[in-house]
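Peer 1: First the structure, which I've put down as structure tokens, then a few questions once you've had a look.
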Protein chains: 2
Amino acid sequence: MGIGKEFSRRRFLSRVAGSAAASLVARPAFSFSASHPFSSGTTFDVAPADTSLLPWQDQGVIATSNSPYAKLHSIPVRAVTIREGFWSKRRQTNVERSIPTMHDELEAHGRLDNFRRLVGKSSEPQKGPYFSDSDVYKWIDAVGWALQSDANPQLRRSAEGWIREVVAIQEPSGYLNTYYQGDRAALRMSQHDQEVGHEMYCLGHMIQGAIAYYRSTGDSTLLDAGQRMVDQFVLPNYGPGANQKPIISGHPEIEMALIELYRTTGKRQYVELAGYVLHGDDRWKIEPERIVYMFCGVPFPSRTHLEGHAVRAMYACCGATDYYLETGDPSYWKTLDTLWEDLVKRQMYVTGGVGARAQWEAFGNPYELPNAQAYGESCAAIGNMMWNWRMLAASGEAKFTDVIERALYNGINSGMSLDGTTYCYRNPLAFDPAFFEGFRGSPNIRNPWYDVTCCPPNIERTFASLPGYFYSTSKDGLYVHLYDNSHLDWHLEDGTGIKVEQKTNYPWDGNVELTMTPAQPAAFTFYVRIPGWAKGAAVAVNGKPEGSAKAGEYLPIRRTWKPGDQVSLKLPMETVPVAANPRVAEDRGKVAVRRGPMIYCLEQLDQPEGLALADTSILIAGRGRDEFRNEYKADLLDGIVVLYHRGGAYEVSSAEEALYAPVDTASRKTRPVELTFVPYYVWANRKPSSMEVWVPYLTT
Amino acid sequence: MGIGKEFSRRRFLSRVAGSAAASLVARPAFSFSASHPFSSGTTFDVAPADTSLLPWQDQGVIATSNSPYAKLHSIPVRAVTIREGFWSKRRQTNVERSIPTMHDELEAHGRLDNFRRLVGKSSEPQKGPYFSDSDVYKWIDAVGWALQSDANPQLRRSAEGWIREVVAIQEPSGYLNTYYQGDRAALRMSQHDQEVGHEMYCLGHMIQGAIAYYRSTGDSTLLDAGQRMVDQFVLPNYGPGANQKPIISGHPEIEMALIELYRTTGKRQYVELAGYVLHGDDRWKIEPERIVYMFCGVPFPSRTHLEGHAVRAMYACCGATDYYLETGDPSYWKTLDTLWEDLVKRQMYVTGGVGARAQWEAFGNPYELPNAQAYGESCAAIGNMMWNWRMLAASGEAKFTDVIERALYNGINSGMSLDGTTYCYRNPLAFDPAFFEGFRGSPNIRNPWYDVTCCPPNIERTFASLPGYFYSTSKDGLYVHLYDNSHLDWHLEDGTGIKVEQKTNYPWDGNVELTMTPAQPAAFTFYVRIPGWAKGAAVAVNGKPEGSAKAGEYLPIRRTWKPGDQVSLKLPMETVPVAANPRVAEDRGKVAVRRGPMIYCLEQLDQPEGLALADTSILIAGRGRDEFRNEYKADLLDGIVVLYHRGGAYEVSSAEEALYAPVDTASRKTRPVELTFVPYYVWANRKPSSMEVWVPYLTT
């Protein structure tokens with residue numbers, strides 16, 4: 001991090017400390033101490049917030065317009081139309097194939113019968129794991145966002161029907177959870193079941209799905225039910241009060257859902273409840289390894305590094321950032337900054353995936369980033385994007401957008417097949433079909449269904465909400481985060497209408513043309529994102545070079561914008577072999593090939609017959625650039641830029657060699673071989689084939 | 001493998017096919033088919049064996065003198081006296097500290113009360129996991145072998161007392177297992193309990209412990225009880241017959257125990273039963289992943305590679321080799337050869353440890369050999385040694401002895417602390433105390449006690465029986481396998497008395513002097529092992545160079561040996577940086593430092609203050625030899641040869657660098673730094689410190 005950024009961070013924090021946060025800073029409730037501040041009988045004292053709510057139509061993926069510590073504010077998904085280009089096909093497939101087939105899979109596997117059973121409409125036994133309701137909610141979540149881009153009457157009918165099935169089972173107490181209604185009612189909210197039973201997790205997804213649906217349709221049926229469960233069942237009975245029982249999040253999710261519920265309804269208690277959950281409740285003793293695994297149960301600000309279950313950790317960080325956005329608690333920001341540094345310095349795959357270990361679906365030790373054994377759950381990469389979206393909202397810093405882009409184009413995008421009907425649960429960075437160990441018994445890397453089917457609808461809701469990630473507004477202007485052919489039709493925060501048309505072949509090409517159309521000439525700052533990888537980028541306004549575009553920052557262009565003003569970006573779309581820190585044990589002597597935001601890989605089936613990937617090397621002269629030829633292939637894998645490189649293959653396969661032998665520092669003989677790289681996200685869309693992202697290199 | 005070895009293998013197999021094995025070859029029972037040959041009503045048809053038993057005093061670690069397919073025959077432990085040298089201190093500690101403290105630990109943790117409880121002598125509840133009896137038996141096993149070197153009356157009294165406690169609980173049916181007597185009697189030998197309950201495993205260890213004790217003392221009390229359980233409980237009720245129920249080994253161990261029971265008693269049914277267990281019984285369906293994990297449940301000859309739980313796999317291979325030694329079944333030998341090639345080409349750590357994964361304590365994929373995450377259970381390394389001992393008996397090939405030596409000096413030897421009171425369960429090849437995840441919750445790499453305490457008494461019995469591994473006899477002479485100051489007092493197979501005195505500082509020094517004292521001048525072949533690492537070794541008889549000593553073979557010296565004949569070995573004790581096959585992802589660009597049979601490591605605490613191991617490199621010029629200075633330090637870690645090397649340390653620590661950056665092929669700046677290497681087996685005997693076996697190297 002450069003000095004300039006340090007300064008802006010410091011300035012930002014002093015702004016926080018100097019304003020409404022001042023009283024919070026002094027509050028002992030949010031100290032780093034692990035002791036419980038919400039002891040029996042205390043009451044919440046978070047300052048009341050502005051309750052002037054945005055109309056539902058105007059609320060974005062997160063509705064931060066009233067969040068006092070949000071520098072950037074989300075725009076609604078409907079404000080951006082994505083036109084034909086990189087994302088259009090993926091999103092069309094999402095709506096036409098993925099969401100409908102997942103609907104049918106959820107029905108076929110009894111996830112809706114679980115609801116019907118409780119009102120006598122089904123005689124099927126309970127199906128699926130205890131958190132199966134959440135998958136129904138995540139599907140509604142996906143439909144919700146999708147309807148903002150595509151008023152699909154059939155999807156809307158399906159979602160309405162399911163929402164009716166869901167709310168029909170709500171008990172008078174407000175309680176709603178198919179696994180804990182009926183036979184298991186007595187187990188509800190026990191410590192054990194809170195730790196492993198995902199009741200709060202399901203409620204969180206119910207609220208998130210309800211909000212997505214509400215923000216698209218104005219229909220609050222599901223939202224009301226979710227709010228009822230919080231208001232009638234949770235708030236009176238659970239919390240820090242002497243007559244209340246503790247909450248353990250178990251699988252974090254409820255935290256961000258509660259804060260979004262606050263943003264949607266204006267009811268401040270939800271923020272307070274989220275803060276209580278994020279802080280933990282020491283009236284129940286939790287095993288230390290559970291505290292690591294669940295990434296909850298102790299005060300969030302006592303965390304010093306990422307650990308435990310990767311999705312839980314990412315969702316906890318999302319909730320904690322949301323909490324910071326509403327409260328400005330500096331101990332949260334300090335912790336979030338520490339955890340984020342841990343993420344990008346020691347814990348994140350080059351694809352933006354996170355979670356090194358299959359065992360416990362967990363983060364590993366620092367720099368523990370195995371490739372074939374990588375877990376990289378799709379949900380964890382999505383959690384990473386969601387967290388960074390919130391960090392970006394808090395700070396306006398482009399380093400967070402770099403992580404979003406890395407995860408989105410690679411570790412998330414890989415999670416759904418090109419035909420939209422099969423999904424990766426794990427996203428390894430090396431693969432041999434002969435030795436792949438899948439998720440809970442499946443031998444396939446892509447499957448139409450998982451009994452734990454968290455990932456497929458998670459990817460669907462991400463793709464459906466994607467337009468909402470393209471722009472943000474701030475007090476002083478407009479931020480552009482993502483590039484693709486698209487049209488923004490929204491307004492600045494002072495109410496001035498603004499349209500922006502993007503024309504580009506991004507990410508295959510680095511030229512982006514943005515045509516600005518304010519409703520009338522308007523003075524504001526347009527913050528243009530220069531990706532961290534785009535060293536040497538150039539920006540021009542109406543053909544005139546504009547300032548110094550620094551990679552990894554937003555270039556602020558402050559001027560009076562007039563209709564027809566043109567902003568041109570030239571992002572150097574070079575192919576660059578990237579090395580990992582030498583502490584990453586499996587990546588030593590290897591490089592990953594990156595072109596723009598896209599990480600590439602070798603698939604065996606693209607290489608000359610009989611060539612084992614394990615015997616292949618990239619040959620690098622000098623600094624390694626420009627040794628790759630690129631070609632757009634419209635008919636391959638829905639259209640991709642393919643990279644070609646003249647590499648080397650060992651003349652004697654290493655399979656023929658001993659496992660251990662005295663080191664031989666002489667170069668092993670190689671023969672030249674033409675290597676073909678495809679983007680990582682398209683891997684495993686043809687017949688089963690070995691794959692590797694990290695390829696050994698030799699210098700020439 | 002060279003042509004010469006291929007030839008001898010082929011010759012060996014044709015010998016097998018041409019002799020008593022011929023009838024077996026034709027037998028469909030041992031085809032590669034997975035279908036069950038022992039279908040209901042069939043009877044065993046293995047040919048009857050020679051039942052002329054050796055006296056108990058003459059039986060070795062495995063008593064192969066009557067085994068028709070054993071080329072080498074074990075000598076009794078008592079035939080070799082190990083004098084002061086490398087192993088004497090370890091073995092003295094074993095008898096004086098390890099075995100007695102483990103006695104007290106087993107008592108303190110209720111492992112004996114489990115027996116007493118069943119006869120009303122204890123009111124304590126059952127303690128420890130379901131296989132806890134086996135740890136008592138393994139301790140008796142250790143005492144058994146130890147008594148052949150040291151007639152320790154106190155240990156003998158303790159063992160006799162425990163044996164009395166054990167046999168006292170045997171039911172009239174012959175059944176004996178503290179976990180399944182009493183409350184759990186109804187669960188006995190159900191499919192589920194055979195798969196997970198270790199009943200046959202405990203019986204196997206009971207038999208092995210009983211045999212060790214019998215071979216030292218002639219006391220058959222425990223042996224009789226074990227035989228009674230096999231004869232009265234197992235044989236009439238379990239097996240392939242229509243009125244019998246299936247056996248699933250669950251955790252292999254019973255197979256080798258049954259064959260050793262045959263070798264001890266001459267009762268051929270035990271071999272037949274072992275063959276049935278090794279073949280599996282398809283009347284009970286076993287889940288495919290259990291078949292992988294347990295390494296049993298399908299015909300052993302259908303196995304194509306090592307997989308699943310490493311100890312189970314090694315013990316199954318021991319049992320299968322024992323079965324081959326008795327039957328000559330060529331499908332077993334072919335499979336054992338395939339599995340062994342898999343071991344040494346793709347699955348074995350440079351320390352001789354096996355089992356890459358903590359999850360399931362299992363083998364990984366081919367070449368999956370992580371260092372910090374290595375499991376390398378002490379028991380698995382011991383299983384590896386035990387298996388190779390049997391392969392050596394079958395073939396007389398020195399490649400098996402190389403594996404024994406590698407495991408013994410490194411991956412087994414590391415398992416017990418120098419003071420003999422703490423043990424490694426896991427034996428990783430890199431370690432950072434800040435990030436170590438131990439065995440089931442323990443943060444320490446060495447512990448005095450594990451609730452699963454399989455490893456400690458396993459190491460104890462291995463050290464106690466070590467003299468039995470120094471020599472073997474064959475029809476035509478004597479083999480020497482291991483080198484240390486020692487005295488052999490035994491006889492050739494024709495009855496001629498033979499004494500051999502070894503004088504050496506092995507493994508610190510490569511000179512070994514052997515003085516031969518036959519009872520009278522005798523013509524026989526003395527097979528002198530030249531370790532695989534000893535390229536350029538020289539052998540002389542009475543000062544005269546003898547033949548061409550090839551590394552990795554036994555040099556056969558055939559002559560008429562006279563009292564006082566001197567055999568001198570000069571094994572080049574060079575320090576050699578060893579590289580791994582490039583397919584081992586974590587070892588690329590790194591070397592392990594080996595000196596003779598000893599693998600070395602860096603421990604942080606021996607290096608200059610503040611130097612991070614992760615920033616350290618070995619500097620190699622040319623082929624990398626002779627760049628290490630060695631020095632014997634008598635007062636360090638009970639006396640070791642320390643290696644010193646002038647290596648490099650990054651001037652800027654990699655901890656300060658980005659996780660990913662465009663590759664920079666320029667060498668990073670290093671400053672010279674004096675590195676200190678200690679043998680791997682002594683690591684973690686001082687204060688907690690980082691450690692690594694595989695060290696990055698740079699060429700100069």
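As shown in the structure tokens, the chain order sets the letters A, B, ...; within each chain, residues go from 1, and ligands are also counted from 1 in the order they appear.
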What's around B:Pro521 at 10 Å? Count only C-alpha atoms, leave out sequence neighbours fewer than 4 positions away in its own chain, and write the answer as a VMD selection string.

Peer 2: chain B and resid 496 498 517 559 to 563

Peer 1: May I have the selected residues written with C-alpha atoms, as a PDB file, in the first residue's frame?

Peer 2:
ATOM      1  CA  THR B 496      27.276 -74.563  11.514  1.00  0.00           C
ATOM      2  CA  ILE B 498      28.523 -68.535  13.115  1.00  0.00           C
ATOM      3  CA  THR B 517      33.871 -66.563  13.351  1.00  0.00           C
ATOM      4  CA  ARG B 559      34.144 -68.576  -0.007  1.00  0.00           C
ATOM      5  CA  THR B 560      35.208 -70.860   2.716  1.00  0.00           C
ATOM      6  CA  TRP B 561      35.022 -68.642   5.738  1.00  0.00           C
ATOM      7  CA  LYS B 562      37.526 -69.160   8.506  1.00  0.00           C
ATOM      8  CA  PRO B 563      37.535 -67.781  12.016  1.00  0.00           C
TER       9      PRO B 563
END

Peer 1: Write down, as a PyMOL selection string, each residue of chain B that has any atom within 7 Å of an atom of chain A, counting only C-alpha atoms.

Peer 2: chain B and resi 344-346+359+365+435+576-583+585-586+588-589+614+622-623+654+657-665

Peer 1: Could you state the separation of atom CA of A:Tyr409 and atom CA of A:Arg686 in Å, given to one decimal place?

Peer 2: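 Straight-line distance from atom CA of A:Tyr409 to atom CA of A:Arg686 works out to 19.2 Å.
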
Peer 1: Give me, please, the distance in Å between atom CA of A:Lys475 and atom CA of A:Glu405, quoted to one decimal.

Peer 2: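 Distance reported for this atom pair: 24.2 Å.
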
Peer 1: Could you pull out the helix (DSSP H, G or I) residues of stretch 585-698 of chain B from DSSP and send them as a list of chain:residue names?

Peer 2: B:Ala585, B:Glu586, B:Asp587, B:Gln604, B:Leu605, B:Asp606, B:Leu613, B:Ala614, B:Asp615, B:Ser654, B:Ala655, B:Glu656, B:Tyr680, B:Tyr681, B:Val682

Peer 1: Selected residues, N, CA and C atoms, written as a tab-separated table (two decimals), in the first residue's frame, please.

Peer 2:
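Generated file (out-v1.tsv):
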chain	number	residue	atom	x	y	z
B	585	ALA	N	4.30	-31.63	-6.03
B	585	ALA	CA	4.05	-30.20	-6.18
B	585	ALA	C	4.78	-29.35	-5.15
B	586	GLU	N	4.87	-29.83	-3.92
B	586	GLU	CA	5.45	-28.98	-2.87
B	586	GLU	C	6.97	-28.99	-2.82
B	587	ASP	N	7.60	-29.87	-3.58
B	587	ASP	CA	9.06	-29.99	-3.46
B	587	ASP	C	9.81	-29.38	-4.64
B	604	GLN	N	14.69	-23.96	13.18
B	604	GLN	CA	14.85	-22.51	13.34
B	604	GLN	C	15.86	-22.16	14.42
B	605	LEU	N	15.78	-22.86	15.54
B	605	LEU	CA	16.59	-22.45	16.70
B	605	LEU	C	18.09	-22.63	16.50
B	606	ASP	N	18.49	-23.39	15.47
B	606	ASP	CA	19.92	-23.54	15.19
B	606	ASP	C	20.44	-22.46	14.24
B	613	LEU	N	12.96	-19.43	8.16
B	613	LEU	CA	13.28	-20.56	7.29
B	613	LEU	C	12.72	-20.33	5.89
B	614	ALA	N	11.53	-19.70	5.81
B	614	ALA	CA	10.88	-19.50	4.51
B	614	ALA	C	11.69	-18.60	3.59
B	615	ASP	N	12.65	-17.86	4.13
B	615	ASP	CA	13.45	-16.95	3.31
B	615	ASP	C	14.84	-17.50	3.04
B	654	SER	N	10.08	-12.54	2.17
B	654	SER	CA	8.91	-12.75	1.31
B	654	SER	C	7.62	-12.45	2.06
B	655	ALA	N	7.68	-12.38	3.37
B	655	ALA	CA	6.48	-11.99	4.12
B	655	ALA	C	6.05	-10.57	3.77
B	656	GLU	N	7.00	-9.78	3.26
B	656	GLU	CA	6.70	-8.40	2.91
B	656	GLU	C	6.15	-8.28	1.49
B	680	TYR	N	16.88	-35.47	10.86
B	680	TYR	CA	15.44	-35.32	11.03
B	680	TYR	C	14.94	-35.98	12.31
B	681	TYR	N	15.53	-37.12	12.66
B	681	TYR	CA	14.95	-37.86	13.79
B	681	TYR	C	15.09	-37.14	15.12
B	682	VAL	N	16.01	-36.19	15.21
B	682	VAL	CA	16.17	-35.48	16.49
B	682	VAL	C	15.35	-34.20	16.57

Peer 1: Need to verify the contact set: stretch 144-155 of chain B, 8 Å, only C-alpha atoms, exclusion of same-chain residues closer than 4 positions in sequence. Can you return it as a PyMOL selection string?

Peer 2: chain B and resi 77-78+81+95+100+140+159+209+212-217+461+464-465

Peer 1: As number ranges by chain, please: the residues near A:Asp509 (cut-off 10 Å, only C-alpha atoms, same-chain neighbours under 3 positions excluded).

Peer 2: A: 504-506, 512, 570-574, 595-596, 632, 641

Peer 1: Any idea what's packed within 10 Å of A:Ile169, counting only C-alpha atoms, ignoring anything in its chain fewer than 6 positions away? Could you give it as a list in words?

Peer 2: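 In the requested form, the answer reads Phe115, Arg116, Arg117, Leu118, Val119, Tyr175, Leu176, Asn177, Thr178 and Gln181 of chain A.
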
Peer 1: Selected residues, N, CA, C and O atoms, written as a PDB file, in the first residue's frame, please.

Peer 2:
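What follows is the written file selection36.pdb:
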ATOM      1  N   PHE A 115     -42.157 -27.941   3.047  1.00  0.00           N
ATOM      2  CA  PHE A 115     -43.135 -26.937   3.505  1.00  0.00           C
ATOM      3  C   PHE A 115     -44.548 -27.529   3.459  1.00  0.00           C
ATOM      4  O   PHE A 115     -45.308 -27.413   4.421  1.00  0.00           O
ATOM      5  N   ARG A 116     -44.867 -28.156   2.324  1.00  0.00           N
ATOM      6  CA  ARG A 116     -46.241 -28.661   2.137  1.00  0.00           C
ATOM      7  C   ARG A 116     -46.601 -29.694   3.199  1.00  0.00           C
ATOM      8  O   ARG A 116     -47.737 -29.767   3.647  1.00  0.00           O
ATOM      9  N   ARG A 117     -45.628 -30.493   3.562  1.00  0.00           N
ATOM     10  CA  ARG A 117     -45.823 -31.532   4.575  1.00  0.00           C
ATOM     11  C   ARG A 117     -46.432 -30.955   5.855  1.00  0.00           C
ATOM     12  O   ARG A 117     -47.310 -31.561   6.472  1.00  0.00           O
ATOM     13  N   LEU A 118     -45.975 -29.761   6.217  1.00  0.00           N
ATOM     14  CA  LEU A 118     -46.379 -29.190   7.510  1.00  0.00           C
ATOM     15  C   LEU A 118     -47.806 -28.651   7.518  1.00  0.00           C
ATOM     16  O   LEU A 118     -48.361 -28.375   8.572  1.00  0.00           O
ATOM     17  N   VAL A 119     -48.370 -28.483   6.313  1.00  0.00           N
ATOM     18  CA  VAL A 119     -49.774 -28.033   6.272  1.00  0.00           C
ATOM     19  C   VAL A 119     -50.637 -29.122   5.635  1.00  0.00           C
ATOM     20  O   VAL A 119     -51.714 -28.846   5.109  1.00  0.00           O
ATOM     21  N   TYR A 175     -42.452 -18.306  14.264  1.00  0.00           N
ATOM     22  CA  TYR A 175     -41.423 -19.269  13.900  1.00  0.00           C
ATOM     23  C   TYR A 175     -41.708 -19.895  12.548  1.00  0.00           C
ATOM     24  O   TYR A 175     -42.864 -20.176  12.218  1.00  0.00           O
ATOM     25  N   LEU A 176     -40.652 -20.122  11.787  1.00  0.00           N
ATOM     26  CA  LEU A 176     -40.816 -20.697  10.445  1.00  0.00           C
ATOM     27  C   LEU A 176     -39.522 -21.400  10.059  1.00  0.00           C
ATOM     28  O   LEU A 176     -38.497 -20.751   9.822  1.00  0.00           O
ATOM     29  N   ASN A 177     -39.535 -22.724  10.030  1.00  0.00           N
ATOM     30  CA  ASN A 177     -38.356 -23.509   9.634  1.00  0.00           C
ATOM     31  C   ASN A 177     -38.826 -24.947   9.516  1.00  0.00           C
ATOM     32  O   ASN A 177     -39.225 -25.563  10.510  1.00  0.00           O
ATOM     33  N   THR A 178     -38.793 -25.487   8.305  1.00  0.00           N
ATOM     34  CA  THR A 178     -39.413 -26.807   8.093  1.00  0.00           C
ATOM     35  C   THR A 178     -38.727 -27.910   8.886  1.00  0.00           C
ATOM     36  O   THR A 178     -39.332 -28.923   9.199  1.00  0.00           O
ATOM     37  N   GLN A 181     -40.009 -27.540  12.644  1.00  0.00           N
ATOM     38  CA  GLN A 181     -41.441 -27.609  12.933  1.00  0.00           C
ATOM     39  C   GLN A 181     -41.831 -29.087  12.850  1.00  0.00           C
ATOM     40  O   GLN A 181     -41.205 -29.866  12.139  1.00  0.00           O
TER      41      GLN A 181
END

Peer 1: What is the distance between atom CA of A:Pro448 and atom CA of A:Ala380, in Å to one decimal?

Peer 2: 19.0 Å

Peer 1: Once DSSP has gone over the backbone, tell me which residues of stretch 359-598 of chain A are in strand (DSSP E), as a ChimeraX atom specification.

Peer 2: /A:423-424,430-431,446-447,471-474,477-480,486-491,497-504,511-518,522-530,538-541,544-545,553-561,565-570,575-580,590-595,598

Peer 1: Which residue gives the smallest distance to B:Asp219 among B:Ser98, B:Arg164, B:Leu611, B:Ala108, with only C-alpha atoms counted?

Peer 2: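 Between B:Ser98, B:Arg164, B:Leu611, B:Ala108, the residue approaching B:Asp219 most closely is B:Arg164.
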